[in-house]
$ cat entry.cif   # mmCIF, C-alpha atoms
data_work
#
loop_
_atom_site.label_atom_id
_atom_site.label_comp_id
_atom_site.auth_asym_id
_atom_site.auth_seq_id
_atom_site.Cartn_x
_atom_site.Cartn_y
_atom_site.Cartn_z
CA VAL Y 108 -29.70 -103.35 70.76
CA CYS Y 109 -31.39 -101.88 67.68
CA HIS Y 110 -31.31 -104.08 64.58
CA GLU Y 111 -31.54 -102.54 61.09
CA PHE Y 112 -30.10 -99.25 62.34
CA LEU Y 113 -28.08 -98.86 59.13
CA SER Y 114 -29.18 -99.53 55.56
CA GLU Y 115 -27.00 -101.27 53.00
CA ASP Y 116 -26.29 -97.96 51.25
CA GLU Y 117 -25.25 -96.33 54.54
CA VAL Y 118 -22.85 -99.17 55.29
CA ARG Y 119 -21.27 -98.82 51.85
CA CYS Y 120 -20.70 -95.12 52.56
CA LEU Y 121 -19.25 -95.80 56.01
CA ARG Y 122 -16.76 -98.28 54.58
CA LEU Y 123 -15.46 -95.48 52.37
CA VAL Y 124 -15.33 -93.11 55.34
CA LEU Y 125 -13.14 -95.49 57.36
CA ALA Y 126 -10.97 -96.24 54.33
CA ALA Y 127 -10.29 -92.51 53.94
CA HIS Y 128 -8.99 -92.12 57.50
CA GLN Y 129 -5.30 -92.34 58.33
CA GLY Y 130 -3.44 -92.67 61.62
CA TRP Y 131 -4.81 -95.99 62.80
CA ALA Y 132 -3.19 -97.14 66.04
CA LEU Y 133 -2.83 -100.81 66.97
CA TYR Y 134 -3.81 -101.80 70.52
CA HIS Y 135 -3.02 -105.25 71.93
CA TRP Y 136 -4.16 -106.67 75.28
CA GLY Y 137 -2.79 -110.21 75.06
CA SER Y 138 -4.97 -113.25 74.44
CA VAL Y 139 -8.25 -114.58 75.83
CA GLY Y 140 -9.99 -117.93 75.93
CA ARG Y 141 -9.27 -121.06 77.92
CA ARG Y 142 -6.15 -121.74 75.88
CA GLY Y 143 -5.39 -118.15 74.95
CA GLU Y 144 -6.49 -118.90 71.41
CA LEU Y 145 -8.07 -115.52 70.61
CA ALA Y 146 -5.97 -112.35 70.34
CA SER Y 147 -7.47 -109.26 72.00
CA VAL Y 148 -6.33 -106.67 69.48
CA LEU Y 149 -7.86 -103.89 67.39
CA GLU Y 150 -7.04 -100.89 65.24
CA ARG Y 151 -8.45 -97.59 66.45
CA ILE Y 152 -8.63 -93.84 65.92
CA ASP Y 153 -9.89 -91.59 68.72
CA PHE Y 154 -11.16 -88.06 68.06
CA GLY Y 155 -11.92 -85.79 70.98
CA MET Y 156 -11.18 -82.66 72.97
CA ARG Y 157 -7.63 -81.37 73.24
CA GLU Y 158 -7.09 -82.53 76.84
CA MET Y 159 -8.76 -85.93 76.33
CA THR Y 160 -6.57 -89.04 76.36
CA ALA Y 161 -7.53 -92.17 74.46
CA GLU Y 162 -9.61 -94.70 76.40
CA GLY Y 163 -7.47 -97.16 78.33
CA VAL Y 164 -4.21 -95.47 77.34
CA ALA Y 165 -1.77 -93.53 79.55
CA ALA Y 166 -1.55 -89.85 78.69
CA ALA Y 167 1.99 -90.17 77.40
CA LYS Y 168 0.83 -92.71 74.80
CA SER Y 169 -2.40 -91.02 73.74
CA PHE Y 170 -3.21 -90.99 70.04
CA THR Y 171 -6.28 -88.76 70.30
CA GLN Y 172 -6.82 -86.53 67.29
CA PRO Y 173 -8.83 -83.28 67.23
CA ILE Y 174 -12.37 -83.43 65.89
CA GLY Y 175 -12.42 -81.93 62.39
CA SER Y 176 -15.40 -80.75 60.38
CA ALA Y 177 -15.89 -84.20 58.79
CA GLN Y 178 -15.86 -85.98 62.15
CA GLN Y 179 -18.22 -83.39 63.66
CA GLU Y 180 -20.67 -83.96 60.81
CA ILE Y 181 -20.62 -87.69 61.50
CA ILE Y 182 -21.11 -87.10 65.23
CA ASP Y 183 -24.06 -84.78 64.64
CA MET Y 184 -25.75 -87.18 62.23
CA PHE Y 185 -25.40 -90.27 64.40
CA GLU Y 186 -26.06 -88.49 67.68
CA ALA Y 187 -29.41 -87.22 66.40
CA ARG Y 188 -30.57 -90.62 65.21
CA LEU Y 189 -29.31 -92.49 68.28
CA ARG Y 190 -31.10 -90.07 70.60
CA VAL Y 191 -34.38 -90.82 68.82
CA VAL Y 192 -33.91 -94.58 68.62
CA PHE Y 193 -32.86 -94.90 72.28
CA GLN Y 194 -35.09 -92.22 73.76
CA GLY Y 195 -36.55 -94.87 76.07
CA VAL Y 196 -33.31 -94.83 78.09
CA GLU Y 197 -32.94 -91.04 77.70
CA LEU Y 198 -29.61 -91.44 75.95
CA TRP Y 199 -27.26 -88.49 76.64
CA ARG Y 200 -29.95 -86.48 78.38
CA GLU Y 201 -28.64 -82.91 78.80
CA LEU Y 202 -25.18 -84.07 77.69
CA GLU Y 203 -22.97 -83.13 74.76
CA VAL Y 204 -21.37 -85.91 72.74
CA ASN Y 205 -17.78 -84.76 72.35
CA MET Y 206 -15.81 -87.75 71.09
CA ILE Y 207 -15.95 -90.38 68.36
CA GLN Y 208 -13.92 -93.56 68.07
CA LEU Y 209 -13.41 -95.62 64.91
CA THR Y 210 -12.40 -99.26 65.34
CA GLN Y 211 -11.52 -102.30 63.28
CA ILE Y 212 -11.34 -105.86 64.64
CA ARG Y 213 -9.96 -108.44 62.23
CA PRO Y 214 -11.37 -111.97 61.76
CA GLY Y 215 -10.47 -114.34 64.57
CA GLN Y 216 -9.75 -111.50 66.98
CA CYS Y 217 -11.63 -109.75 69.76
CA LEU Y 218 -11.77 -106.89 72.21
CA GLY Y 219 -11.61 -108.73 75.53
CA LEU Y 220 -13.93 -108.12 78.47
CA HIS Y 221 -13.27 -104.72 80.03
CA TYR Y 222 -14.70 -101.58 81.61
CA ASP Y 223 -14.47 -98.33 79.73
CA ARG Y 224 -12.84 -96.11 82.35
CA ARG Y 225 -15.52 -95.89 85.01
CA ASP Y 226 -15.01 -92.29 86.11
CA LYS Y 227 -14.01 -90.74 82.78
CA TRP Y 228 -17.16 -90.99 80.65
CA ARG Y 229 -20.62 -89.65 81.40
CA GLU Y 230 -23.84 -91.61 81.03
CA GLY Y 231 -24.30 -93.49 77.78
CA ILE Y 232 -21.96 -95.19 75.31
CA ALA Y 233 -23.34 -95.98 71.85
CA SER Y 234 -21.80 -98.07 69.07
CA VAL Y 235 -22.77 -98.99 65.52
CA ALA Y 236 -21.04 -101.85 63.67
CA TRP Y 237 -20.83 -103.59 60.30
CA SER Y 238 -18.26 -105.58 58.27
CA CYS Y 239 -15.66 -104.27 55.84
CA GLU Y 240 -17.08 -106.50 53.10
CA PRO Y 241 -20.53 -107.98 52.33
CA GLY Y 242 -21.35 -111.23 54.09
CA ASP Y 243 -22.74 -114.38 52.49
CA ARG Y 244 -26.29 -113.49 53.60
CA ASP Y 245 -26.21 -109.77 54.27
CA ALA Y 246 -24.60 -107.00 52.20
CA ARG Y 247 -23.76 -105.21 55.46
CA GLY Y 248 -21.52 -108.04 56.62
CA ASP Y 249 -21.54 -110.79 59.23
CA HIS Y 250 -22.86 -111.23 62.76
CA TRP Y 251 -20.52 -110.59 65.69
CA THR Y 252 -20.86 -111.36 69.41
CA LEU Y 253 -21.39 -108.86 72.21
CA ARG Y 254 -20.27 -110.54 75.41
CA MET Y 255 -21.02 -109.18 78.87
CA GLN Y 256 -19.94 -110.49 82.24
CA ARG Y 257 -20.46 -109.61 85.88
CA GLY Y 258 -17.60 -110.64 88.15
CA TRP Y 259 -14.17 -111.87 87.03
CA GLU Y 260 -12.37 -115.08 86.16
CA GLY Y 261 -12.94 -117.59 88.93
CA ASN Y 262 -15.79 -115.53 90.39
CA VAL Y 263 -18.28 -115.01 87.54
CA HIS Y 264 -21.75 -114.03 88.74
CA ALA Y 265 -23.41 -113.70 85.33
CA ASP Y 266 -22.41 -114.07 81.69
CA ALA Y 267 -24.31 -113.13 78.53
CA GLN Y 268 -23.47 -113.57 74.85
CA ILE Y 269 -25.55 -111.77 72.22
CA SER Y 270 -25.22 -112.42 68.49
CA VAL Y 271 -25.59 -109.02 66.82
CA PRO Y 272 -26.41 -108.59 63.10
CA PRO Y 273 -24.37 -106.17 60.96
CA GLY Y 274 -25.79 -102.68 60.76
CA SER Y 275 -27.05 -102.78 64.36
CA ALA Y 276 -26.59 -100.16 67.08
CA TYR Y 277 -26.34 -100.77 70.82
CA VAL Y 278 -25.96 -98.64 73.94
CA LEU Y 279 -24.50 -99.22 77.40
CA THR Y 280 -25.84 -97.28 80.39
CA GLY Y 281 -26.02 -97.68 84.17
CA SER Y 282 -24.36 -100.78 85.62
CA ALA Y 283 -23.95 -102.19 82.09
CA GLN Y 284 -21.62 -99.27 81.36
CA GLY Y 285 -19.98 -99.77 84.74
CA ARG Y 286 -19.82 -96.12 85.77
CA THR Y 287 -18.59 -95.26 89.25
CA LYS Y 288 -21.91 -93.49 89.90
CA TRP Y 289 -23.84 -96.79 89.80
CA CYS Y 290 -21.24 -99.07 91.40
CA GLU Y 291 -22.15 -100.30 94.90
CA ARG Y 292 -18.47 -100.06 95.86
CA ALA Y 293 -17.80 -96.82 93.95
CA ARG Y 294 -15.02 -98.42 91.92
CA VAL Y 295 -13.02 -96.07 89.68
CA ALA Y 296 -10.76 -96.44 86.64
CA HIS Y 297 -10.74 -100.12 85.62
CA GLU Y 298 -11.15 -101.60 89.12
CA ALA Y 299 -13.26 -104.76 89.23
CA CYS Y 300 -16.45 -105.39 91.19
CA CYS Y 301 -19.31 -107.91 91.27
CA CYS Y 302 -22.20 -105.51 90.67
CA CYS Y 303 -21.28 -103.94 87.32
CA TRP Y 304 -20.81 -105.51 83.91
CA THR Y 305 -17.74 -105.72 81.71
CA HIS Y 306 -18.24 -105.94 77.95
CA GLY Y 307 -16.28 -107.24 74.99
CA ILE Y 308 -16.53 -107.84 71.25
CA TRP Y 309 -15.84 -111.20 69.61
CA ASN Y 310 -15.28 -111.41 65.83
CA ASP Y 311 -14.34 -115.07 65.75
CA GLN Y 312 -17.12 -116.34 63.46
CA SER Y 313 -16.57 -113.98 60.52
CA LYS Y 314 -14.09 -113.92 57.65
CA HIS Y 315 -14.34 -110.12 57.45
CA THR Y 316 -13.02 -107.27 59.59
CA ARG Y 317 -15.63 -105.78 61.92
CA GLN Y 318 -15.79 -101.98 61.62
CA SER Y 319 -17.55 -99.66 64.03
CA LEU Y 320 -17.93 -96.17 65.39
CA THR Y 321 -18.55 -95.33 69.03
CA LEU Y 322 -19.83 -92.08 70.55
CA ARG Y 323 -19.28 -90.99 74.17
CA ALA Y 324 -19.67 -87.91 76.36
CA TYR Y 325 -16.34 -87.07 77.97
CA ASN Y 326 -16.49 -85.82 81.56
CA GLN Y 327 -14.54 -82.56 81.27
CA HIS Y 328 -14.09 -82.45 85.06
CA TRP Y 329 -12.46 -85.88 85.15
CA GLY Y 330 -9.29 -85.85 87.23
CA ARG Y 331 -9.97 -82.51 88.89
CA LYS Y 332 -12.51 -80.98 91.23
CA ALA Y 333 -15.73 -80.05 89.48
CA PRO Y 334 -17.38 -76.64 89.96
CA CYS Y 335 -20.39 -76.49 92.25
CA GLY Y 336 -23.42 -78.14 90.65
CA ALA Y 337 -21.48 -80.00 87.94
CA ASP Y 338 -21.64 -83.76 87.44
CA ALA Y 339 -18.14 -84.90 88.34
CA ASP Y 340 -18.79 -88.65 88.43
#
$ encode --input "entry.cif" --output "structure tokens"
Amino acid sequence: VCHEFLSEDEVRCLRLVLAAHQGWALYHWGSVGRRGELASVLERIDFGMREMTAEGVAAAKSFTQPIGSAQQEIIDMFEARLRVVFQGVELWRELEVNMIQLTQIRPGQCLGLHYDRRDKWREGIASVAWSCEPGDRDARGDHWTLRMQRGWEGNVHADAQISVPPGSAYVLTGSAQGRTKWCERARVAHEACCCCWTHGIWNDQSKHTRQSLTLRAYNQHWGRKAPCGADAD
């Protein structure tokens, strides 16, 4: 996690960027919590390659939009800065970032614990988040919680909850990303295991909508045999 990744002025600009976008799709995965008190729901726009389906969505229900010049400019700007900030983990080494996802999670809601499809994305997922309105103590918004868990309900091996300030960036790689390549049991899709981590976002302590953008490198050989020498995992 990198705190202070975004300045107050940059957050103000990004709020306008998200407000200008149309075509938000609503995704709902039920409720979480001991009493099901927190709805796992968000609004999202996915931009990517023509053949790419939205994360976690069947092809017939994909809402992926093509990357336009404005989205490409955002990708280029954030990709360059994220590569520098997270050079210690060699973020996206020799990879091309070819998708961007915009999300909004309303107050009192969350994105429940999950794997991003384990065999679809290449190494490194990066996100940057802030609130739609200034917070009481920070013009960039309120804190939110990054939750990570190894195992599943009834068989939890490890659980971590990290309070993240607005304007921060974070990356997931290796077993934290849950890629098939690093899984001891070579799990694919959204299959569970005990060695890799799921992740989720909780916005239950804020009165403002959490906004974010996420960058990934789509595995263009996903779902078909890769040419000799290509990384197909």
$ residues_around --input "entry.cif" --residues "region 306-312 of chain Y" --least-positions-apart "3" --cutoff "7 Å" --atoms "all atoms listed in the file" --output "ChimeraX atom specification"
/Y:212,214-222,251-256,317
$ closest_residue --input "entry.cif" --among "Y:Arg225, Y:Arg188, Y:Arg122, Y:Arg151" --to "Val295 (chain Y)" --atoms "only C-alpha atoms"
Y:Arg225
$ closest_residue --input "entry.cif" --among "Y:Ser282, Y:Trp136, Y:Pro272, Y:Gln318" --to "Arg294 (chain Y)" --atoms "only C-alpha atoms"
Y:Ser282
$ residues_around --input "entry.cif" --residues "region 108-113 of chain Y" --least-positions-apart "5" --cutoff "9 Å" --atoms "only C-alpha atoms" --output "PyMOL selection string"
chain Y and resi 118+192-193+235-237+247+271-278
$ write_last_selection --input "entry.cif" --atoms "C-alpha atoms" --output "mmCIF file, in the coordinates of the input"
data_model
loop_
_atom_site.group_PDB
_atom_site.id
_atom_site.type_symbol
_atom_site.label_atom_id
_atom_site.label_comp_id
_atom_site.auth_asym_id
_atom_site.auth_seq_id
_atom_site.Cartn_x
_atom_site.Cartn_y
_atom_site.Cartn_z
ATOM 1 C CA VAL Y 118 -22.850 -99.170 55.290
ATOM 2 C CA VAL Y 192 -33.910 -94.580 68.620
ATOM 3 C CA PHE Y 193 -32.860 -94.900 72.280
ATOM 4 C CA VAL Y 235 -22.770 -98.990 65.520
ATOM 5 C CA ALA Y 236 -21.040 -101.850 63.670
ATOM 6 C CA TRP Y 237 -20.830 -103.590 60.300
ATOM 7 C CA ARG Y 247 -23.760 -105.210 55.460
ATOM 8 C CA VAL Y 271 -25.590 -109.020 66.820
ATOM 9 C CA PRO Y 272 -26.410 -108.590 63.100
ATOM 10 C CA PRO Y 273 -24.370 -106.170 60.960
ATOM 11 C CA GLY Y 274 -25.790 -102.680 60.760
ATOM 12 C CA SER Y 275 -27.050 -102.780 64.360
ATOM 13 C CA ALA Y 276 -26.590 -100.160 67.080
ATOM 14 C CA TYR Y 277 -26.340 -100.770 70.820
ATOM 15 C CA VAL Y 278 -25.960 -98.640 73.940
#
$ atom_distance --input "entry.cif" --atom1 "CA of Ser176 (chain Y)" --atom2 "CA of Gly248 (chain Y)"
28.2 Å
$ atom_distance --input "entry.cif" --atom1 "CA of Ser319 (chain Y)" --atom2 "CA of Asp153 (chain Y)"
12.1 Å
$ closest_residue --input "entry.cif" --among "Y:Arg244, Y:Arg229, Y:Arg224, Y:His264" --to "Glu201 (chain Y)" --atoms "only C-alpha atoms"
Y:Arg229
$ closest_residue --input "entry.cif" --among "Y:Gln194, Y:Gln208, Y:Ser138, Y:Ser270" --to "Thr160 (chain Y)" --atoms "all atoms listed in the file"
Y:Gln208
$ atom_distance --input "entry.cif" --atom1 "CA of Trp131 (chain Y)" --atom2 "CA of Thr171 (chain Y)"
10.5 Å
$ closest_atom_pairs --input "entry.cif" --of "region 198-250 of chain Y" --to "region 125-128 of chain Y" --cutoff "10 Å" --atoms "all atoms listed in the file" --output "Markdown table"
| residue | atom | partner | partner_atom | distance |
| --- | --- | --- | --- | --- |
| Y:Leu209 | CA | Y:Leu125 | CA | 7.6 |
| Y:Thr210 | CA | Y:Leu125 | CA | 8.9 |
| Y:Gln211 | CA | Y:Leu125 | CA | 9.2 |
| Y:Cys239 | CA | Y:Leu125 | CA | 9.3 |
$ residues_around --input "entry.cif" --residues "Val263 (chain Y)" --least-positions-apart "6" --cutoff "12 Å" --atoms "all atoms listed in the file" --output "PyMOL selection string"
chain Y and resi 255-257+299-305
$ write_last_selection --input "entry.cif" --atoms "C-alpha atoms" --output "JSON list (two decimals), keeping the file's coordinate frame"
[["chain", "number", "residue", "atom", "x", "y", "z"],
["Y", 255, "MET", "CA", -21.02, -109.18, 78.87],
["Y", 256, "GLN", "CA", -19.94, -110.49, 82.24],
["Y", 257, "ARG", "CA", -20.46, -109.61, 85.88],
["Y", 299, "ALA", "CA", -13.26, -104.76, 89.23],
["Y", 300, "CYS", "CA", -16.45, -105.39, 91.19],
["Y", 301, "CYS", "CA", -19.31, -107.91, 91.27],
["Y", 302, "CYS", "CA", -22.20, -105.51, 90.67],
["Y", 303, "CYS", "CA", -21.28, -103.94, 87.32],
["Y", 304, "TRP", "CA", -20.81, -105.51, 83.91],
["Y", 305, "THR", "CA", -17.74, -105.72, 81.71]]
$ axis_aligned_box --input "entry.cif" --around "region 168-187 of chain Y" --padding-each-side "8 Å" --output "JSON"
{"center_x": -14.3, "center_y": -86.7, "center_z": 66.8, "size_x": 46.2, "size_y": 28.0, "size_z": 32.0}
$ closest_residue --input "entry.cif" --among "Y:Met206, Y:Leu133, Y:Ile182, Y:Val196" --to "Gly281 (chain Y)" --atoms "all atoms listed in the file"
Y:Val196
$ resolve_selection --input "entry.cif" --expression "the PyMOL selection byres ((chain Y and resi 185) around 12)" --output "PDB file with C-alpha atoms, keeping the file's coordinate frame"
ATOM      1  CA  PHE Y 112     -30.100 -99.250  62.340  1.00  0.00           C
ATOM      2  CA  LEU Y 113     -28.080 -98.860  59.130  1.00  0.00           C
ATOM      3  CA  GLU Y 117     -25.250 -96.330  54.540  1.00  0.00           C
ATOM      4  CA  LEU Y 121     -19.250 -95.800  56.010  1.00  0.00           C
ATOM      5  CA  GLN Y 178     -15.860 -85.980  62.150  1.00  0.00           C
ATOM      6  CA  GLN Y 179     -18.220 -83.390  63.660  1.00  0.00           C
ATOM      7  CA  GLU Y 180     -20.670 -83.960  60.810  1.00  0.00           C
ATOM      8  CA  ILE Y 181     -20.620 -87.690  61.500  1.00  0.00           C
ATOM      9  CA  ILE Y 182     -21.110 -87.100  65.230  1.00  0.00           C
ATOM     10  CA  ASP Y 183     -24.060 -84.780  64.640  1.00  0.00           C
ATOM     11  CA  MET Y 184     -25.750 -87.180  62.230  1.00  0.00           C
ATOM     12  CA  GLU Y 186     -26.060 -88.490  67.680  1.00  0.00           C
ATOM     13  CA  ALA Y 187     -29.410 -87.220  66.400  1.00  0.00           C
ATOM     14  CA  ARG Y 188     -30.570 -90.620  65.210  1.00  0.00           C
ATOM     15  CA  LEU Y 189     -29.310 -92.490  68.280  1.00  0.00           C
ATOM     16  CA  ARG Y 190     -31.100 -90.070  70.600  1.00  0.00           C
ATOM     17  CA  VAL Y 191     -34.380 -90.820  68.820  1.00  0.00           C
ATOM     18  CA  VAL Y 192     -33.910 -94.580  68.620  1.00  0.00           C
ATOM     19  CA  PHE Y 193     -32.860 -94.900  72.280  1.00  0.00           C
ATOM     20  CA  VAL Y 204     -21.370 -85.910  72.740  1.00  0.00           C
ATOM     21  CA  MET Y 206     -15.810 -87.750  71.090  1.00  0.00           C
ATOM     22  CA  ILE Y 207     -15.950 -90.380  68.360  1.00  0.00           C
ATOM     23  CA  ALA Y 233     -23.340 -95.980  71.850  1.00  0.00           C
ATOM     24  CA  SER Y 234     -21.800 -98.070  69.070  1.00  0.00           C
ATOM     25  CA  VAL Y 235     -22.770 -98.990  65.520  1.00  0.00           C
ATOM     26  CA  ALA Y 276     -26.590-100.160  67.080  1.00  0.00           C
ATOM     27  CA  LEU Y 320     -17.930 -96.170  65.390  1.00  0.00           C
ATOM     28  CA  THR Y 321     -18.550 -95.330  69.030  1.00  0.00           C
ATOM     29  CA  LEU Y 322     -19.830 -92.080  70.550  1.00  0.00           C
ATOM     30  CA  ARG Y 323     -19.280 -90.990  74.170  1.00  0.00           C
TER      31      ARG Y 323
END
$ closest_residue --input "entry.cif" --among "Y:Ile174, Y:Cys120, Y:Glu115, Y:Met159" --to "His328 (chain Y)" --atoms "only C-alpha atoms"
Y:Met159
$ decode --input "entry.cif" --residues "region 111-124 of chain Y" --atoms "N, CA, C and O atoms" --output "CSV table (one decimal), in the first residue's frame"
chain,number,residue,atom,x,y,z
Y,111,GLU,N,-0.7,8.6,0.2
Y,111,GLU,CA,-0.4,9.9,-0.4
Y,111,GLU,C,-0.1,9.7,-1.9
Y,111,GLU,O,0.7,10.5,-2.5
Y,112,PHE,N,-0.6,8.7,-2.5
Y,112,PHE,CA,-0.4,8.5,-4.0
Y,112,PHE,C,-1.0,9.6,-4.8
Y,112,PHE,O,-0.4,10.1,-5.8
Y,113,LEU,N,-2.2,10.1,-4.4
Y,113,LEU,CA,-2.9,11.1,-5.1
Y,113,LEU,C,-2.9,12.4,-4.2
Y,113,LEU,O,-3.1,12.3,-3.0
Y,114,SER,N,-2.8,13.5,-4.8
Y,114,SER,CA,-3.0,14.8,-4.2
Y,114,SER,C,-4.4,15.2,-4.1
Y,114,SER,O,-5.3,14.6,-4.8
Y,115,GLU,N,-4.8,16.2,-3.3
Y,115,GLU,CA,-6.1,16.7,-3.3
Y,115,GLU,C,-6.6,17.2,-4.6
Y,115,GLU,O,-7.8,16.9,-5.0
Y,116,ASP,N,-5.8,17.9,-5.4
Y,116,ASP,CA,-6.2,18.4,-6.7
Y,116,ASP,C,-6.4,17.2,-7.6
Y,116,ASP,O,-7.3,17.3,-8.5
Y,117,GLU,N,-5.6,16.2,-7.6
Y,117,GLU,CA,-5.8,15.1,-8.5
Y,117,GLU,C,-7.1,14.3,-8.2
Y,117,GLU,O,-7.8,13.9,-9.1
Y,118,VAL,N,-7.4,14.2,-6.9
Y,118,VAL,CA,-8.7,13.6,-6.5
Y,118,VAL,C,-9.9,14.4,-7.1
Y,118,VAL,O,-10.9,13.9,-7.6
Y,119,ARG,N,-9.8,15.7,-7.0
Y,119,ARG,CA,-10.9,16.6,-7.5
Y,119,ARG,C,-11.1,16.4,-9.0
Y,119,ARG,O,-12.2,16.3,-9.5
Y,120,CYS,N,-10.0,16.2,-9.7
Y,120,CYS,CA,-10.0,16.0,-11.1
Y,120,CYS,C,-10.6,14.6,-11.4
Y,120,CYS,O,-11.5,14.4,-12.4
Y,121,LEU,N,-10.2,13.6,-10.7
Y,121,LEU,CA,-10.7,12.2,-10.9
Y,121,LEU,C,-12.2,12.1,-10.6
Y,121,LEU,O,-13.0,11.4,-11.2
Y,122,ARG,N,-12.7,12.9,-9.6
Y,122,ARG,CA,-14.2,12.9,-9.4
Y,122,ARG,C,-14.9,13.4,-10.6
Y,122,ARG,O,-16.0,12.8,-11.0
Y,123,LEU,N,-14.4,14.4,-11.3
Y,123,LEU,CA,-15.0,14.9,-12.5
Y,123,LEU,C,-14.9,13.8,-13.6
Y,123,LEU,O,-15.9,13.7,-14.4
Y,124,VAL,N,-13.8,13.1,-13.7
Y,124,VAL,CA,-13.6,12.1,-14.7
Y,124,VAL,C,-14.7,11.0,-14.6
Y,124,VAL,O,-15.4,10.6,-15.5
